Amino acid sequence: MEKNRTTVIDEKTPLMVLAGPMFLELLLNTMLQNVDTVMLSHYDEYAVGAVGNANTIMFMMIILFNIIATATSVVVAQYLGAKMYDRMNMIYTLSIVVNLTFGIILSAVFCAANPFIMNFLHVSPEMRSFSMTYIYIVGGGGFLMAVSNVMLQILRCNGYTKIGMRVTFSINIINIIGNYLFLYGPLKYLNMGVAGVAISTVVARFLAVISLIVFFYITKTGRISLRYLNPFPFKLLMKMIKIGLPSAGENLTYNLYQTTLLSFVNAMGNDAVNARAYCNTLISFAMIFSNAAAMSTQIITGHLVGAGKNEEAYKRVFRTLRTSMPITITLACINAILCRYTLHIFTDNPNIISLGQMIMIADIFVETGRCLNMTFVSSLKAAGAYIFPFIAGVLCNWGLGLTTGYFVGVVLSVGVAGIFMGTATDECIRGLIVMYYWYRKKWLGKSVIDRSDVLM
């Protein structure tokens, strides 16, 4: 297989070569996720909290899809770093076929479990029908995300980071136009509301998948064909599942923990639910740069570890932190200062705005810890150390975050801001733990590359 990447990824690769396009992609993707909230806030306030509840469940679906997507990024990056190009088409085909099949099954399961999910989250009667409608439509099309996640990982690891930015920009435009048509435009008479917003989201994601596949072939990144799976590479699949399960398990336990916290918030009333939804919209912008920097470092780390350059990988991660941490804290502080004005984009309810201001102050500490976690956890996964982040996540999420959040938010009656204080405790302490693990080089020798291993 001939390899012709436009970007050579090694220890000399500037962070912003990869992080710049990823930052714009994540910014646009955040806009796509939150444009529904903004447009719905002027349509029906109950619909906003309902979609916020539904998106919590949708995020859980994304985590499960990332079992294979995360493994794909680790395996592809390390094998490319080792210049073992002859196995790439098999890895690409296996990743896409398995995730598509899993996506279809999981979409059906989430739709079938919709009523149970509503009961578990204690969704209020005013929001219940909206949430269920959104999950049926967006969740039913969840398999599209399964495919797009894998395609994006493949293209990023091959150095094509700008394609995600371009595709995300395009689907933003499509989604906004679709939302307008259903909520305020010519299709308003259909009175579809949340259903129309959900349909716009699914159509945009379908077009994104088509675009990514076309780009994959135009750039001759590789080929996708079932003939590469004959005989079926069970050993490779087991290796990828072994990588992906702990990584996805870490994210899944975090989301389950956040879902449990959400059930506490739902019991505090609709104002608390909406304050959380609005603040999460603002918070998502504060974490974009650290996320982009962490994702970029993960790719670089994978290439370096695959090439046997462990010392270069070790130093590169700390260089990333020196850049991402100050920027993340600055953005979180700006968010806290301006939230009394920015929250007016969504609502004029003084109680929601007051709750939101308390949340955004607590979020400064959440983002500080989250920057540590994203930087070191992503790098540990890239190096093949995927078990420790899972263990640290389980212990800190439930042992620190949940207990602190419940005690401060519910027992001490601080409210929704107290829930965020629990999350801050979890993020900061867990971040220091994974940083120490990287610092002590406990990840050495865990690379997935084995040149003597016959994968097929």
# chains A, B, ... in the order shown; residues from 1 in each chain; ligands from 1
>>> residues_around(residues="Ala382 (chain A)", least_positions_apart="2", cutoff="8 Å", atoms="only C-alpha atoms", output="list in words")
Ser73, Val74, Ala77, Gln78, Gln298, Ile299, Thr301, Gly302, Val305, Ser378, Ser379, Leu380, Gly384 and Ala385 of chain A
>>> residues_around(residues="Ile352 (chain A)", least_positions_apart="4", cutoff="12 Å", atoms="only C-alpha atoms", output="list in words")
Glu45, Gly269, Asn270, Asp271, Ala272, Val273, Asn274, Ala275, Arg276, Ala277, Tyr278, Cys279, Cys339, Arg340, Leu343, His344, Phe346, Thr347, Asp348, Gly356, Gln357, Met358, Ile359, Gly415, Val416 and Ala417 of chain A
>>> write_last_selection(atoms="N, CA and C atoms", output="tab-separated table (two decimals), in the first residue's frame")
chain	number	residue	atom	x	y	z
A	45	GLU	N	-39.31	27.10	26.11
A	45	GLU	CA	-38.28	26.94	27.14
A	45	GLU	C	-38.21	25.51	27.65
A	269	GLY	N	-35.96	21.15	40.18
A	269	GLY	CA	-36.90	22.02	39.48
A	269	GLY	C	-36.44	22.37	38.08
A	270	ASN	N	-37.38	22.88	37.28
A	270	ASN	CA	-37.10	23.19	35.87
A	270	ASN	C	-36.10	24.33	35.71
A	271	ASP	N	-36.08	25.29	36.62
A	271	ASP	CA	-35.11	26.38	36.51
A	271	ASP	C	-33.68	25.85	36.64
A	272	ALA	N	-33.48	24.91	37.55
A	272	ALA	CA	-32.15	24.32	37.72
A	272	ALA	C	-31.74	23.53	36.49
A	273	VAL	N	-32.70	22.81	35.90
A	273	VAL	CA	-32.42	22.03	34.69
A	273	VAL	C	-32.02	22.95	33.55
A	274	ASN	N	-32.78	24.03	33.37
A	274	ASN	CA	-32.48	24.96	32.28
A	274	ASN	C	-31.18	25.72	32.52
A	275	ALA	N	-30.90	26.07	33.79
A	275	ALA	CA	-29.64	26.75	34.09
A	275	ALA	C	-28.46	25.87	33.73
A	276	ARG	N	-28.57	24.58	34.07
A	276	ARG	CA	-27.52	23.63	33.71
A	276	ARG	C	-27.35	23.53	32.21
A	277	ALA	N	-28.47	23.47	31.48
A	277	ALA	CA	-28.41	23.34	30.02
A	277	ALA	C	-27.77	24.57	29.39
A	278	TYR	N	-28.17	25.76	29.84
A	278	TYR	CA	-27.62	26.99	29.28
A	278	TYR	C	-26.13	27.12	29.60
A	279	CYS	N	-25.77	26.82	30.85
A	279	CYS	CA	-24.37	26.94	31.25
A	279	CYS	C	-23.49	25.92	30.51
A	339	CYS	N	-20.94	35.82	32.08
A	339	CYS	CA	-22.15	34.99	32.01
A	339	CYS	C	-23.43	35.75	32.36
A	340	ARG	N	-23.32	36.78	33.21
A	340	ARG	CA	-24.52	37.55	33.54
A	340	ARG	C	-25.11	38.23	32.31
A	343	LEU	N	-25.88	34.83	29.37
A	343	LEU	CA	-27.05	34.00	29.67
A	343	LEU	C	-28.35	34.63	29.16
A	344	HIS	N	-28.31	35.95	28.94
A	344	HIS	CA	-29.49	36.63	28.40
A	344	HIS	C	-29.76	36.24	26.95
A	346	PHE	N	-30.19	33.30	26.11
A	346	PHE	CA	-31.14	32.19	26.21
A	346	PHE	C	-32.41	32.54	26.98
A	347	THR	N	-32.28	33.38	28.02
A	347	THR	CA	-33.42	33.60	28.90
A	347	THR	C	-33.32	34.93	29.62
A	348	ASP	N	-34.46	35.44	30.07
A	348	ASP	CA	-34.50	36.64	30.92
A	348	ASP	C	-34.96	36.28	32.33
A	356	GLY	N	-27.03	30.35	37.15
A	356	GLY	CA	-25.97	30.23	36.14
A	356	GLY	C	-24.68	30.89	36.57
A	357	GLN	N	-24.77	32.03	37.24
A	357	GLN	CA	-23.56	32.73	37.69
A	357	GLN	C	-22.79	31.88	38.70
A	358	MET	N	-23.50	31.22	39.59
A	358	MET	CA	-22.84	30.36	40.58
A	358	MET	C	-22.20	29.15	39.89
A	359	ILE	N	-22.89	28.59	38.90
A	359	ILE	CA	-22.35	27.45	38.16
A	359	ILE	C	-21.05	27.83	37.47
A	415	GLY	N	-27.56	23.55	45.93
A	415	GLY	CA	-28.27	23.50	44.65
A	415	GLY	C	-27.39	23.04	43.51
A	416	VAL	N	-27.75	23.46	42.30
A	416	VAL	CA	-27.07	22.96	41.10
A	416	VAL	C	-25.59	23.34	41.08
A	417	ALA	N	-25.23	24.49	41.66
A	417	ALA	CA	-23.81	24.87	41.72
A	417	ALA	C	-23.02	23.89	42.58
>>> closest_residue(among="A:Phe23, A:Tyr341, A:Phe388, A:Tyr406", to="Ser324 (chain A)", atoms="only C-alpha atoms")
A:Phe23
>>> closest_residue(among="A:Val408, A:Ala204, A:Ile337, A:Met118", to="Asn266 (chain A)", atoms="only C-alpha atoms")
A:Met118
>>> atom_distance(atom1="CA of Ala313 (chain A)", atom2="CA of Leu94 (chain A)")
28.0 Å
>>> closest_residue(among="A:Met58, A:Ile176, A:Ala113, A:Leu18", to="Gly139 (chain A)", atoms="only C-alpha atoms")
A:Met58
